[in-house]
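Enquirer: Quick one, start-v2.pdb (PDB, C-alpha atoms):
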ATOM      1  CA  MET A   1      72.497-125.634  58.531  1.00  0.00           C
ATOM      2  CA  ALA A   2      75.949-127.182  58.936  1.00  0.00           C
ATOM      3  CA  ALA A   3      76.180-130.345  60.997  1.00  0.00           C
ATOM      4  CA  LYS A   4      77.647-129.998  64.458  1.00  0.00           C
ATOM      5  CA  GLN A   5      81.184-131.215  64.958  1.00  0.00           C
ATOM      6  CA  LYS A   6      81.290-134.309  67.138  1.00  0.00           C
ATOM      7  CA  ILE A   7      83.579-134.903  70.094  1.00  0.00           C
ATOM      8  CA  LEU A   8      84.092-138.242  71.824  1.00  0.00           C
ATOM      9  CA  ILE A   9      84.942-137.886  75.528  1.00  0.00           C
ATOM     10  CA  VAL A  10      86.738-140.925  76.978  1.00  0.00           C
ATOM     11  CA  ASP A  11      87.078-140.692  80.765  1.00  0.00           C
ATOM     12  CA  ASP A  12      86.111-143.012  83.625  1.00  0.00           C
ATOM     13  CA  ASP A  13      85.598-140.069  85.989  1.00  0.00           C
ATOM     14  CA  GLN A  14      81.939-139.228  85.443  1.00  0.00           C
ATOM     15  CA  LEU A  15      82.229-135.810  87.081  1.00  0.00           C
ATOM     16  CA  ILE A  16      85.133-134.679  84.887  1.00  0.00           C
ATOM     17  CA  ALA A  17      83.519-136.149  81.768  1.00  0.00           C
ATOM     18  CA  LYS A  18      80.282-134.258  82.443  1.00  0.00           C
ATOM     19  CA  GLN A  19      82.267-131.104  83.162  1.00  0.00           C
ATOM     20  CA  MET A  20      84.006-131.325  79.766  1.00  0.00           C
ATOM     21  CA  GLU A  21      80.706-132.095  78.068  1.00  0.00           C
ATOM     22  CA  LEU A  22      79.094-129.014  79.612  1.00  0.00           C
ATOM     23  CA  TYR A  23      81.828-126.717  78.299  1.00  0.00           C
ATOM     24  CA  LEU A  24      81.617-128.233  74.823  1.00  0.00           C
ATOM     25  CA  LEU A  25      77.836-128.180  74.604  1.00  0.00           C
ATOM     26  CA  LYS A  26      77.958-124.453  75.318  1.00  0.00           C
ATOM     27  CA  GLU A  27      80.169-124.155  72.217  1.00  0.00           C
ATOM     28  CA  CYS A  28      77.547-126.081  70.193  1.00  0.00           C
ATOM     29  CA  TYR A  29      79.549-129.275  69.739  1.00  0.00           C
ATOM     30  CA  GLU A  30      77.823-132.655  69.733  1.00  0.00           C
ATOM     31  CA  THR A  31      79.307-134.919  72.406  1.00  0.00           C
ATOM     32  CA  LYS A  32      79.313-138.526  73.522  1.00  0.00           C
ATOM     33  CA  ILE A  33      80.819-139.874  76.746  1.00  0.00           C
ATOM     34  CA  VAL A  34      82.300-143.350  77.179  1.00  0.00           C
ATOM     35  CA  ASN A  35      83.962-144.573  80.365  1.00  0.00           C
ATOM     36  CA  ASP A  36      86.514-147.201  79.370  1.00  0.00           C
ATOM     37  CA  GLY A  37      88.926-148.041  76.580  1.00  0.00           C
ATOM     38  CA  GLU A  38      87.061-150.998  75.145  1.00  0.00           C
ATOM     39  CA  GLU A  39      83.870-148.970  74.849  1.00  0.00           C
ATOM     40  CA  ALA A  40      85.859-146.169  73.189  1.00  0.00           C
ATOM     41  CA  LEU A  41      87.212-148.508  70.505  1.00  0.00           C
ATOM     42  CA  HIS A  42      83.710-149.890  69.834  1.00  0.00           C
ATOM     43  CA  THR A  43      82.112-146.428  69.752  1.00  0.00           C
ATOM     44  CA  PHE A  44      84.717-144.701  67.571  1.00  0.00           C
ATOM     45  CA  PRO A  45      83.769-146.262  64.187  1.00  0.00           C
ATOM     46  CA  VAL A  46      80.049-145.801  64.899  1.00  0.00           C
ATOM     47  CA  PHE A  47      80.048-142.252  66.275  1.00  0.00           C
ATOM     48  CA  HIS A  48      82.657-140.945  63.773  1.00  0.00           C
ATOM     49  CA  PRO A  49      83.944-138.126  66.023  1.00  0.00           C
ATOM     50  CA  ASP A  50      85.769-135.116  64.640  1.00  0.00           C
ATOM     51  CA  LEU A  51      87.965-135.063  67.749  1.00  0.00           C
ATOM     52  CA  ILE A  52      88.657-137.248  70.790  1.00  0.00           C
ATOM     53  CA  LEU A  53      89.353-136.131  74.364  1.00  0.00           C
ATOM     54  CA  LEU A  54      91.151-139.109  75.879  1.00  0.00           C
ATOM     55  CA  ASP A  55      92.064-139.921  79.480  1.00  0.00           C
ATOM     56  CA  LEU A  56      95.030-142.248  80.021  1.00  0.00           C
ATOM     57  CA  MET A  57      94.091-144.057  83.238  1.00  0.00           C
ATOM     58  CA  LEU A  58      91.122-146.082  82.040  1.00  0.00           C
ATOM     59  CA  PRO A  59      89.868-149.454  83.300  1.00  0.00           C
ATOM     60  CA  GLY A  60      90.806-152.385  81.071  1.00  0.00           C
ATOM     61  CA  ILE A  61      92.350-150.963  77.912  1.00  0.00           C
ATOM     62  CA  ASP A  62      94.248-147.812  78.898  1.00  0.00           C
ATOM     63  CA  GLY A  63      94.383-144.555  76.967  1.00  0.00           C
ATOM     64  CA  TYR A  64      97.786-145.295  75.461  1.00  0.00           C
ATOM     65  CA  GLN A  65      96.445-148.451  73.814  1.00  0.00           C
ATOM     66  CA  VAL A  66      93.289-146.663  72.671  1.00  0.00           C
ATOM     67  CA  CYS A  67      95.420-143.985  71.009  1.00  0.00           C
ATOM     68  CA  ARG A  68      97.647-146.612  69.389  1.00  0.00           C
ATOM     69  CA  GLU A  69      94.689-148.604  68.030  1.00  0.00           C
ATOM     70  CA  ILE A  70      92.901-145.557  66.622  1.00  0.00           C
ATOM     71  CA  ARG A  71      96.082-144.321  64.938  1.00  0.00           C
ATOM     72  CA  HIS A  72      96.274-147.587  62.996  1.00  0.00           C
ATOM     73  CA  THR A  73      93.161-146.590  61.038  1.00  0.00           C
ATOM     74  CA  SER A  74      92.549-142.866  61.512  1.00  0.00           C
ATOM     75  CA  ASP A  75      94.246-139.488  61.839  1.00  0.00           C
ATOM     76  CA  VAL A  76      91.335-138.012  63.834  1.00  0.00           C
ATOM     77  CA  PRO A  77      92.628-135.313  66.215  1.00  0.00           C
ATOM     78  CA  ILE A  78      93.301-136.669  69.714  1.00  0.00           C
ATOM     79  CA  ILE A  79      93.832-134.527  72.800  1.00  0.00           C
ATOM     80  CA  ILE A  80      94.980-136.436  75.865  1.00  0.00           C
ATOM     81  CA  VAL A  81      93.469-135.038  79.078  1.00  0.00           C
ATOM     82  CA  SER A  82      95.213-136.707  81.999  1.00  0.00           C
ATOM     83  CA  ALA A  83      96.254-136.300  85.628  1.00  0.00           C
ATOM     84  CA  LYS A  84      99.629-137.768  84.648  1.00  0.00           C
ATOM     85  CA  SER A  85     101.918-134.750  84.553  1.00  0.00           C
ATOM     86  CA  GLU A  86     105.344-136.361  84.179  1.00  0.00           C
ATOM     87  CA  VAL A  87     107.413-135.587  81.086  1.00  0.00           C
ATOM     88  CA  PHE A  88     107.561-139.299  80.231  1.00  0.00           C
ATOM     89  CA  ASP A  89     103.767-139.601  80.077  1.00  0.00           C
ATOM     90  CA  GLU A  90     103.348-136.577  77.813  1.00  0.00           C
ATOM     91  CA  VAL A  91     106.169-137.610  75.491  1.00  0.00           C
ATOM     92  CA  LEU A  92     104.821-141.171  75.227  1.00  0.00           C
ATOM     93  CA  GLY A  93     101.322-139.913  74.449  1.00  0.00           C
ATOM     94  CA  LEU A  94     102.621-137.626  71.707  1.00  0.00           C
ATOM     95  CA  GLU A  95     104.837-140.367  70.281  1.00  0.00           C
ATOM     96  CA  LEU A  96     101.815-142.661  70.008  1.00  0.00           C
ATOM     97  CA  GLY A  97     100.104-140.062  67.828  1.00  0.00           C
ATOM     98  CA  ALA A  98      98.203-137.694  70.104  1.00  0.00           C
ATOM     99  CA  ASP A  99      98.047-134.121  68.805  1.00  0.00           C
ATOM    100  CA  ASP A 100      98.011-132.373  72.174  1.00  0.00           C
ATOM    101  CA  TYR A 101      98.296-133.069  75.908  1.00  0.00           C
ATOM    102  CA  ILE A 102      96.428-131.277  78.701  1.00  0.00           C
ATOM    103  CA  THR A 103      96.976-132.041  82.379  1.00  0.00           C
ATOM    104  CA  LYS A 104      94.254-132.194  85.011  1.00  0.00           C
ATOM    105  CA  PRO A 105      93.012-130.098  86.668  1.00  0.00           C
ATOM    106  CA  PHE A 106      92.502-128.021  83.532  1.00  0.00           C
ATOM    107  CA  ASP A 107      91.167-124.580  82.792  1.00  0.00           C
ATOM    108  CA  SER A 108      87.882-124.807  80.882  1.00  0.00           C
ATOM    109  CA  ARG A 109      88.815-121.924  78.580  1.00  0.00           C
ATOM    110  CA  LYS A 110      92.125-123.573  77.719  1.00  0.00           C
ATOM    111  CA  LEU A 111      90.389-126.872  76.949  1.00  0.00           C
ATOM    112  CA  VAL A 112      87.838-125.234  74.642  1.00  0.00           C
ATOM    113  CA  ALA A 113      90.542-123.114  72.974  1.00  0.00           C
ATOM    114  CA  ARG A 114      92.658-126.202  72.241  1.00  0.00           C
ATOM    115  CA  VAL A 115      89.644-128.059  70.835  1.00  0.00           C
ATOM    116  CA  ARG A 116      88.619-125.119  68.681  1.00  0.00           C
ATOM    117  CA  SER A 117      92.150-124.523  67.384  1.00  0.00           C
ATOM    118  CA  LEU A 118      92.741-128.168  66.478  1.00  0.00           C
ATOM    119  CA  LEU A 119      89.372-128.574  64.761  1.00  0.00           C
ATOM    120  CA  ARG A 120      89.866-125.353  62.808  1.00  0.00           C
ATOM    121  CA  ARG A 121      93.207-126.537  61.482  1.00  0.00           C
ATOM    122  CA  CYS A 122      91.828-129.946  60.560  1.00  0.00           C
ATOM    123  CA  GLN A 123      89.010-128.320  58.593  1.00  0.00           C
ATOM    124  CA  THR A 124      91.694-127.224  56.125  1.00  0.00           C
ATOM    125  CA  LYS A 125      92.236-130.861  55.249  1.00  0.00           C
ATOM    126  CA  ILE A 126      88.527-131.533  54.725  1.00  0.00           C
ATOM    127  CA  ALA A 127      88.041-128.455  52.532  1.00  0.00           C
ATOM    128  CA  GLY A 128      91.367-128.856  50.793  1.00  0.00           C
ATOM    129  CA  SER A 129      89.986-129.179  47.289  1.00  0.00           C
ATOM    130  CA  THR A 130      88.480-125.676  47.456  1.00  0.00           C
ATOM    131  CA  LEU A 131      91.668-123.969  48.693  1.00  0.00           C
ATOM    132  CA  PRO A 132      94.612-122.593  46.726  1.00  0.00           C
ATOM    133  CA  ASP A 133      97.345-125.174  46.302  1.00  0.00           C
ATOM    134  CA  LYS A 134      99.811-125.245  49.199  1.00  0.00           C
ATOM    135  CA  SER A 135     102.624-127.614  48.394  1.00  0.00           C
ATOM    136  CA  VAL A 136     106.386-127.719  48.377  1.00  0.00           C
ATOM    137  CA  SER A 137     108.656-130.200  46.598  1.00  0.00           C
ATOM    138  CA  TYR A 138     112.254-131.328  46.898  1.00  0.00           C
ATOM    139  CA  PRO A 139     114.021-134.346  45.424  1.00  0.00           C
ATOM    140  CA  ASP A 140     112.142-137.435  46.641  1.00  0.00           C
ATOM    141  CA  LEU A 141     109.843-135.380  48.868  1.00  0.00           C
ATOM    142  CA  THR A 142     106.549-133.560  48.227  1.00  0.00           C
ATOM    143  CA  ILE A 143     104.450-132.062  51.020  1.00  0.00           C
ATOM    144  CA  ASN A 144     100.949-130.987  49.990  1.00  0.00           C
ATOM    145  CA  LEU A 145      99.012-129.190  52.685  1.00  0.00           C
ATOM    146  CA  THR A 146      96.002-128.712  50.427  1.00  0.00           C
ATOM    147  CA  ASN A 147      95.081-132.392  50.535  1.00  0.00           C
ATOM    148  CA  TYR A 148      97.297-133.265  53.507  1.00  0.00           C
ATOM    149  CA  SER A 149      99.587-135.730  51.782  1.00  0.00           C
ATOM    150  CA  VAL A 150     103.316-136.431  51.947  1.00  0.00           C
ATOM    151  CA  THR A 151     105.080-138.389  49.213  1.00  0.00           C
ATOM    152  CA  TYR A 152     108.545-139.636  50.162  1.00  0.00           C
ATOM    153  CA  MET A 153     110.769-141.778  47.941  1.00  0.00           C
ATOM    154  CA  GLY A 154     107.770-142.495  45.711  1.00  0.00           C
ATOM    155  CA  PHE A 155     105.499-143.646  48.540  1.00  0.00           C
ATOM    156  CA  GLN A 156     102.725-141.774  50.340  1.00  0.00           C
ATOM    157  CA  LEU A 157     103.314-141.557  54.084  1.00  0.00           C
ATOM    158  CA  GLU A 158     100.672-141.741  56.790  1.00  0.00           C
ATOM    159  CA  MET A 159     101.188-138.717  59.014  1.00  0.00           C
ATOM    160  CA  PRO A 160      99.046-136.940  61.660  1.00  0.00           C
ATOM    161  CA  PRO A 161      98.049-133.347  60.805  1.00  0.00           C
ATOM    162  CA  LYS A 162     100.418-131.665  63.259  1.00  0.00           C
ATOM    163  CA  GLU A 163     103.461-133.541  61.953  1.00  0.00           C
ATOM    164  CA  MET A 164     102.526-132.625  58.403  1.00  0.00           C
ATOM    165  CA  GLU A 165     101.950-128.963  59.237  1.00  0.00           C
ATOM    166  CA  LEU A 166     105.290-128.774  61.035  1.00  0.00           C
ATOM    167  CA  LEU A 167     107.132-130.393  58.133  1.00  0.00           C
ATOM    168  CA  TYR A 168     105.427-128.129  55.588  1.00  0.00           C
ATOM    169  CA  PHE A 169     106.134-124.997  57.613  1.00  0.00           C
ATOM    170  CA  LEU A 170     109.846-125.788  57.877  1.00  0.00           C
ATOM    171  CA  ALA A 171     110.183-126.979  54.283  1.00  0.00           C
ATOM    172  CA  SER A 172     108.403-123.925  52.890  1.00  0.00           C
ATOM    173  CA  SER A 173     111.122-121.707  54.429  1.00  0.00           C
ATOM    174  CA  PRO A 174     114.327-123.599  53.545  1.00  0.00           C
ATOM    175  CA  ASN A 175     117.419-122.876  55.652  1.00  0.00           C
ATOM    176  CA  GLN A 176     115.505-120.521  57.945  1.00  0.00           C
ATOM    177  CA  VAL A 177     115.993-121.246  61.640  1.00  0.00           C
ATOM    178  CA  PHE A 178     112.923-121.283  63.889  1.00  0.00           C
ATOM    179  CA  THR A 179     112.926-121.429  67.668  1.00  0.00           C
ATOM    180  CA  ARG A 180     110.742-123.957  69.423  1.00  0.00           C
ATOM    181  CA  GLU A 181     108.569-121.115  70.671  1.00  0.00           C
ATOM    182  CA  GLN A 182     108.070-119.822  67.105  1.00  0.00           C
ATOM    183  CA  LEU A 183     107.091-123.296  65.933  1.00  0.00           C
ATOM    184  CA  LEU A 184     104.611-123.676  68.781  1.00  0.00           C
ATOM    185  CA  ASP A 185     103.087-120.339  67.831  1.00  0.00           C
ATOM    186  CA  HIS A 186     102.829-121.096  64.103  1.00  0.00           C
ATOM    187  CA  ILE A 187     101.764-124.758  64.264  1.00  0.00           C
ATOM    188  CA  TRP A 188      99.789-125.046  67.478  1.00  0.00           C
ATOM    189  CA  GLY A 189      98.403-121.515  67.456  1.00  0.00           C
ATOM    190  CA  TYR A 190      98.734-118.581  69.821  1.00  0.00           C
ATOM    191  CA  GLU A 191      96.243-120.249  72.161  1.00  0.00           C
ATOM    192  CA  TYR A 192      98.615-123.149  72.736  1.00  0.00           C
ATOM    193  CA  VAL A 193     100.403-122.824  76.075  1.00  0.00           C
ATOM    194  CA  GLY A 194     102.525-125.937  76.111  1.00  0.00           C
ATOM    195  CA  ASP A 195     106.031-127.132  76.833  1.00  0.00           C
ATOM    196  CA  THR A 196     108.524-126.857  73.992  1.00  0.00           C
ATOM    197  CA  ARG A 197     109.238-130.598  74.273  1.00  0.00           C
ATOM    198  CA  THR A 198     106.094-131.021  72.180  1.00  0.00           C
ATOM    199  CA  VAL A 199     108.069-129.692  69.222  1.00  0.00           C
ATOM    200  CA  ASP A 200     110.987-132.024  69.973  1.00  0.00           C
ATOM    201  CA  VAL A 201     108.707-135.063  70.035  1.00  0.00           C
ATOM    202  CA  HIS A 202     107.132-134.168  66.680  1.00  0.00           C
ATOM    203  CA  ILE A 203     110.557-133.590  65.104  1.00  0.00           C
ATOM    204  CA  LYS A 204     111.683-136.992  66.431  1.00  0.00           C
ATOM    205  CA  ARG A 205     108.644-138.663  64.849  1.00  0.00           C
ATOM    206  CA  LEU A 206     109.291-136.920  61.542  1.00  0.00           C
ATOM    207  CA  ARG A 207     112.906-138.098  61.529  1.00  0.00           C
ATOM    208  CA  GLU A 208     111.778-141.672  62.098  1.00  0.00           C
ATOM    209  CA  LYS A 209     109.687-141.468  58.924  1.00  0.00           C
ATOM    210  CA  ILE A 210     111.871-139.217  56.754  1.00  0.00           C
ATOM    211  CA  LYS A 211     115.621-139.831  56.696  1.00  0.00           C
ATOM    212  CA  ASP A 212     118.254-137.274  55.749  1.00  0.00           C
ATOM    213  CA  HIS A 213     118.602-136.799  51.982  1.00  0.00           C
ATOM    214  CA  SER A 214     121.710-135.796  50.070  1.00  0.00           C
ATOM    215  CA  GLN A 215     119.951-132.547  49.084  1.00  0.00           C
ATOM    216  CA  TRP A 216     117.995-131.763  52.263  1.00  0.00           C
ATOM    217  CA  LYS A 217     117.473-132.713  55.911  1.00  0.00           C
ATOM    218  CA  LEU A 218     115.738-131.693  59.142  1.00  0.00           C
ATOM    219  CA  SER A 219     118.510-130.059  61.139  1.00  0.00           C
ATOM    220  CA  THR A 220     118.807-129.183  64.802  1.00  0.00           C
ATOM    221  CA  VAL A 221     120.331-125.792  65.515  1.00  0.00           C
ATOM    222  CA  TRP A 222     121.658-126.389  69.005  1.00  0.00           C
ATOM    223  CA  GLY A 223     120.427-123.989  71.635  1.00  0.00           C
ATOM    224  CA  ILE A 224     117.951-122.390  69.209  1.00  0.00           C
ATOM    225  CA  GLY A 225     115.580-124.723  67.365  1.00  0.00           C
ATOM    226  CA  TYR A 226     115.227-126.350  63.953  1.00  0.00           C
ATOM    227  CA  LYS A 227     115.488-125.723  60.225  1.00  0.00           C
ATOM    228  CA  PHE A 228     114.858-127.552  56.957  1.00  0.00           C
ATOM    229  CA  GLU A 229     118.362-127.493  55.551  1.00  0.00           C
ATOM    230  CA  VAL A 230     118.619-127.497  51.754  1.00  0.00           C
ATOM    231  CA  LYS A 231     121.716-127.520  49.564  1.00  0.00           C
ATOM    232  CA  ASN A 232     122.089-125.205  46.555  1.00  0.00           C
ATOM    233  CA  VAL A 233     119.137-122.915  47.365  1.00  0.00           C
TER
END
Please render this file's structure as structure tokens.

Expert:
Amino acid sequence: MAAKQKILIVDDDQLIAKQMELYLLKECYETKIVNDGEEALHTFPVFHPDLILLDLMLPGIDGYQVCREIRHTSDVPIIIVSAKSEVFDEVLGLELGADDYITKPFDSRKLVARVRSLLRRCQTKIAGSTLPDKSVSYPDLTINLTNYSVTYMGFQLEMPPKEMELLYFLASSPNQVFTREQLLDHIWGYEYVGDTRTVDVHIKRLREKIKDHSQWKLSTVWGIGYKFEVKNV
């Protein structure tokens, strides 16, 4: 029998943490609850979660710092679950490496759907060696979605799964324009009901890591969306 996927719940509100745990246990996930940031950082390397549900307003070390510290060593999926609903808070969380952002109060079905969707996509990385090769190459850039690796200018880049999937999707359809809504649908899944600024934040992070090349670049199509622009295709 396959081992249960493990989810670390980081929230100082015991009632909300237990509520999330109840929903996830019904879906047969293994869970562990911690109530502050320091405990989360100590528990993470011991529990080895497959996904983290992370509150931002934690005593001591806040959720932003927890996300930052974990991203230094791991690309484990992180979903921020927070009462902070301002655009700034969501954008900052995504820029620090979170894969998704859910505001409180949340719908239990939406929470479970987001968890399931993100874990399903990350399983592709784990089972990559048994899947058909999915890679695309351009001068000085190779994106391999089979083993989740990006080689840029001869160096392998560290990149969260969602960034990599977005880059691969655009690069595998050169010069085709996609709206933000289309990218949300393809990368985050039909279950994702989020603001299109999520796409903008991930594009911004990609541009910080991958600069425009003489043969290709990530282009903004104003008023529409984005494309991977390639010369001589």

Enquirer: For the structure provided, state which residues fall under the PyMOL selection byres ((chain A and resi 50) around 9), and present them as a VMD selection string.

Expert: chain A and resid 5 to 8 48 to 49 51 to 52 76 to 77 119 122

Enquirer: Quick check, in Å to one decimal: how far apart do atom CA of Ser74 of chain A and atom CA of Val115 of chain A lie?

Expert: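 According to the coordinates, atom CA of Ser74 of chain A and atom CA of Val115 of chain A are separated by 17.7 Å.
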
Enquirer: So, with only C-alpha atoms as the atoms that count, which of A:Ser137, A:Thr103, A:Gln65, A:Asn35 lies closest to Asp11 of chain A?

Expert: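 Under the stated criterion, the closest residue is A:Asn35.
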
Enquirer: Please report the interatomic distance between atom CA of Met20 of chain A and atom CA of Asp55 of chain A in Å with one decimal.

Expert: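 Computed distance, atom CA of Met20 of chain A to atom CA of Asp55 of chain A, equals 11.8 Å.
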
Enquirer: Pick out the closest residue to Ala83 of chain A from this set: A:Tyr64, A:Phe44, A:Trp188, A:Phe106. Count all atoms listed in the file.

Expert: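 Among the listed residues, the smallest separation from Ala83 of chain A belongs to A:Phe106.
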
Enquirer: Go through A:Leu141, A:Leu167, A:Val91, A:Ile102 one by one, measure the shortest atom-to-atom distance of each to His186 of chain A using all atoms listed in the file, and give the residue with the smallest value.

Expert: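 Among the listed residues, A:Leu167 lies closest to His186 of chain A.
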
Enquirer: Choose the residue, out of A:Ser135, A:Ser82, A:Gln156, A:Thr220, that has the smallest atom-to-atom separation from Asp100 of chain A; count only C-alpha atoms.

Expert: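 When distances to Asp100 of chain A are compared using only C-alpha atoms, the smallest one comes from A:Ser82.
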
Enquirer: Looking at only C-alpha atoms, which of A:Pro139, A:Tyr101, A:Asp62, A:Lys211 is the one that sits closest to Lys231 of chain A?

Expert: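 Comparing A:Pro139, A:Tyr101, A:Asp62, A:Lys211 against Lys231 of chain A, the winner is A:Pro139.
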
Enquirer: Have a look at A:Glu21, A:Met57, A:Lys134, A:Ile78 and name the one nearest to Lys104 of chain A; count only C-alpha atoms.

Expert: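 Counting only C-alpha atoms, the residue closest to Lys104 of chain A is A:Met57.
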
Enquirer: I'd like the interatomic distance between atom CA of Asp107 of chain A and atom CA of Leu24 of chain A, to a tenth of an Å.

Expert: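 Value for the atom CA of Asp107 of chain A-atom CA of Leu24 of chain A distance: 13.0 Å.
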
Enquirer: As a VMD selection string, please: the residues near Val87 of chain A (cut-off 12 Å, only C-alpha atoms, same-chain neighbours under 3 positions excluded).

Expert: chain A and resid 84 90 to 94 101 103 194 to 198 201

Enquirer: Can you turn the PyMOL selection byres ((chain A and resi 157-162) around 9) into a concrete residue list for this file, as a list in words?

Expert: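 This file, filtered by the PyMOL selection byres ((chain A and resi 157-162) around 9), leaves Arg71, Ser74, Asp75, Val76, Pro77, Gly97, Ala98, Asp99, Arg121, Cys122, Lys125, Tyr148, Ser149, Val150, Thr151, Tyr152, Phe155, Gln156, Glu163, Met164, Glu165, Leu166, Leu167, Ile187, Trp188, His202, Leu206 and Lys209 of chain A.
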
Enquirer: Given the file shown, determine the residues that the PyMOL selection byres ((chain A and resi 10) around 9) selects; report them as a ChimeraX atom specification.

Expert: /A:8-9,11-12,17,32-37,39-40,52-56,58,63

Enquirer: Since we have the selection now, will you write its residues out, keeping C-alpha atoms, as a PDB file, in the coordinates of the input?

Expert:
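The result, stored in part33.pdb:
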ATOM      1  CA  LEU A   8      84.092-138.242  71.824  1.00  0.00           C
ATOM      2  CA  ILE A   9      84.942-137.886  75.528  1.00  0.00           C
ATOM      3  CA  ASP A  11      87.078-140.692  80.765  1.00  0.00           C
ATOM      4  CA  ASP A  12      86.111-143.012  83.625  1.00  0.00           C
ATOM      5  CA  ALA A  17      83.519-136.149  81.768  1.00  0.00           C
ATOM      6  CA  LYS A  32      79.313-138.526  73.522  1.00  0.00           C
ATOM      7  CA  ILE A  33      80.819-139.874  76.746  1.00  0.00           C
ATOM      8  CA  VAL A  34      82.300-143.350  77.179  1.00  0.00           C
ATOM      9  CA  ASN A  35      83.962-144.573  80.365  1.00  0.00           C
ATOM     10  CA  ASP A  36      86.514-147.201  79.370  1.00  0.00           C
ATOM     11  CA  GLY A  37      88.926-148.041  76.580  1.00  0.00           C
ATOM     12  CA  GLU A  39      83.870-148.970  74.849  1.00  0.00           C
ATOM     13  CA  ALA A  40      85.859-146.169  73.189  1.00  0.00           C
ATOM     14  CA  ILE A  52      88.657-137.248  70.790  1.00  0.00           C
ATOM     15  CA  LEU A  53      89.353-136.131  74.364  1.00  0.00           C
ATOM     16  CA  LEU A  54      91.151-139.109  75.879  1.00  0.00           C
ATOM     17  CA  ASP A  55      92.064-139.921  79.480  1.00  0.00           C
ATOM     18  CA  LEU A  56      95.030-142.248  80.021  1.00  0.00           C
ATOM     19  CA  LEU A  58      91.122-146.082  82.040  1.00  0.00           C
ATOM     20  CA  GLY A  63      94.383-144.555  76.967  1.00  0.00           C
TER      21      GLY A  63
END

Enquirer: Identify, on the basis of all atoms listed in the file, every residue whose closest approach to Trp222 of chain A does not exceed 12 Å; exclude the query and any residue fewer than 6 positions from it along the same chain; express the result as a list in words.

Expert: Val177, Phe178, Thr179 and Arg180 of chain A

Enquirer: Draw an axis-aligned box over all listed atoms of segment 193-210 of chain A, pad each side with 6 Å, and write its centre and edge lengths in Å, one decimal, as AutoDock Vina command-line options.

Expert:
--center_x 106.7 --center_y -132.2 --center_z 66.8 --size_x 24.5 --size_y 30.8 --size_z 32.1

Enquirer: Will you model all heavy atoms for segment 78-82 of chain A and pass it back as a compact mmCIF listing (two decimals), keeping the file's coordinate frame?

Expert:
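Wrote result-v5.txt, looks like this:
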# COMPACT_ATOMS: atom_id res chain seq x y z
N ILE A 78 93.42 -136.12 68.36
CA ILE A 78 93.30 -136.67 69.71
C ILE A 78 93.99 -135.73 70.69
O ILE A 78 95.17 -135.40 70.51
CB ILE A 78 93.94 -138.08 69.81
CG1 ILE A 78 93.21 -139.07 68.89
CG2 ILE A 78 93.92 -138.58 71.25
CD1 ILE A 78 93.87 -140.44 68.83
N ILE A 79 93.25 -135.31 71.71
CA ILE A 79 93.83 -134.53 72.80
C ILE A 79 93.78 -135.39 74.06
O ILE A 79 92.71 -135.80 74.49
CB ILE A 79 93.07 -133.22 73.05
CG1 ILE A 79 93.10 -132.31 71.81
CG2 ILE A 79 93.67 -132.48 74.25
CD1 ILE A 79 92.30 -131.02 71.97
N ILE A 80 94.94 -135.70 74.61
CA ILE A 80 94.98 -136.44 75.86
C ILE A 80 94.73 -135.47 77.01
O ILE A 80 95.34 -134.40 77.09
CB ILE A 80 96.35 -137.14 76.04
CG1 ILE A 80 96.48 -138.28 75.03
CG2 ILE A 80 96.50 -137.67 77.47
CD1 ILE A 80 97.82 -138.98 75.05
N VAL A 81 93.79 -135.83 77.89
CA VAL A 81 93.47 -135.04 79.08
C VAL A 81 93.70 -135.95 80.28
O VAL A 81 92.91 -136.85 80.53
CB VAL A 81 92.01 -134.53 79.05
CG1 VAL A 81 91.76 -133.60 80.23
CG2 VAL A 81 91.72 -133.80 77.74
N SER A 82 94.80 -135.73 80.99
CA SER A 82 95.21 -136.71 82.00
C SER A 82 95.77 -136.04 83.25
O SER A 82 96.33 -134.95 83.20
CB SER A 82 96.27 -137.64 81.40
OG SER A 82 96.78 -138.52 82.37
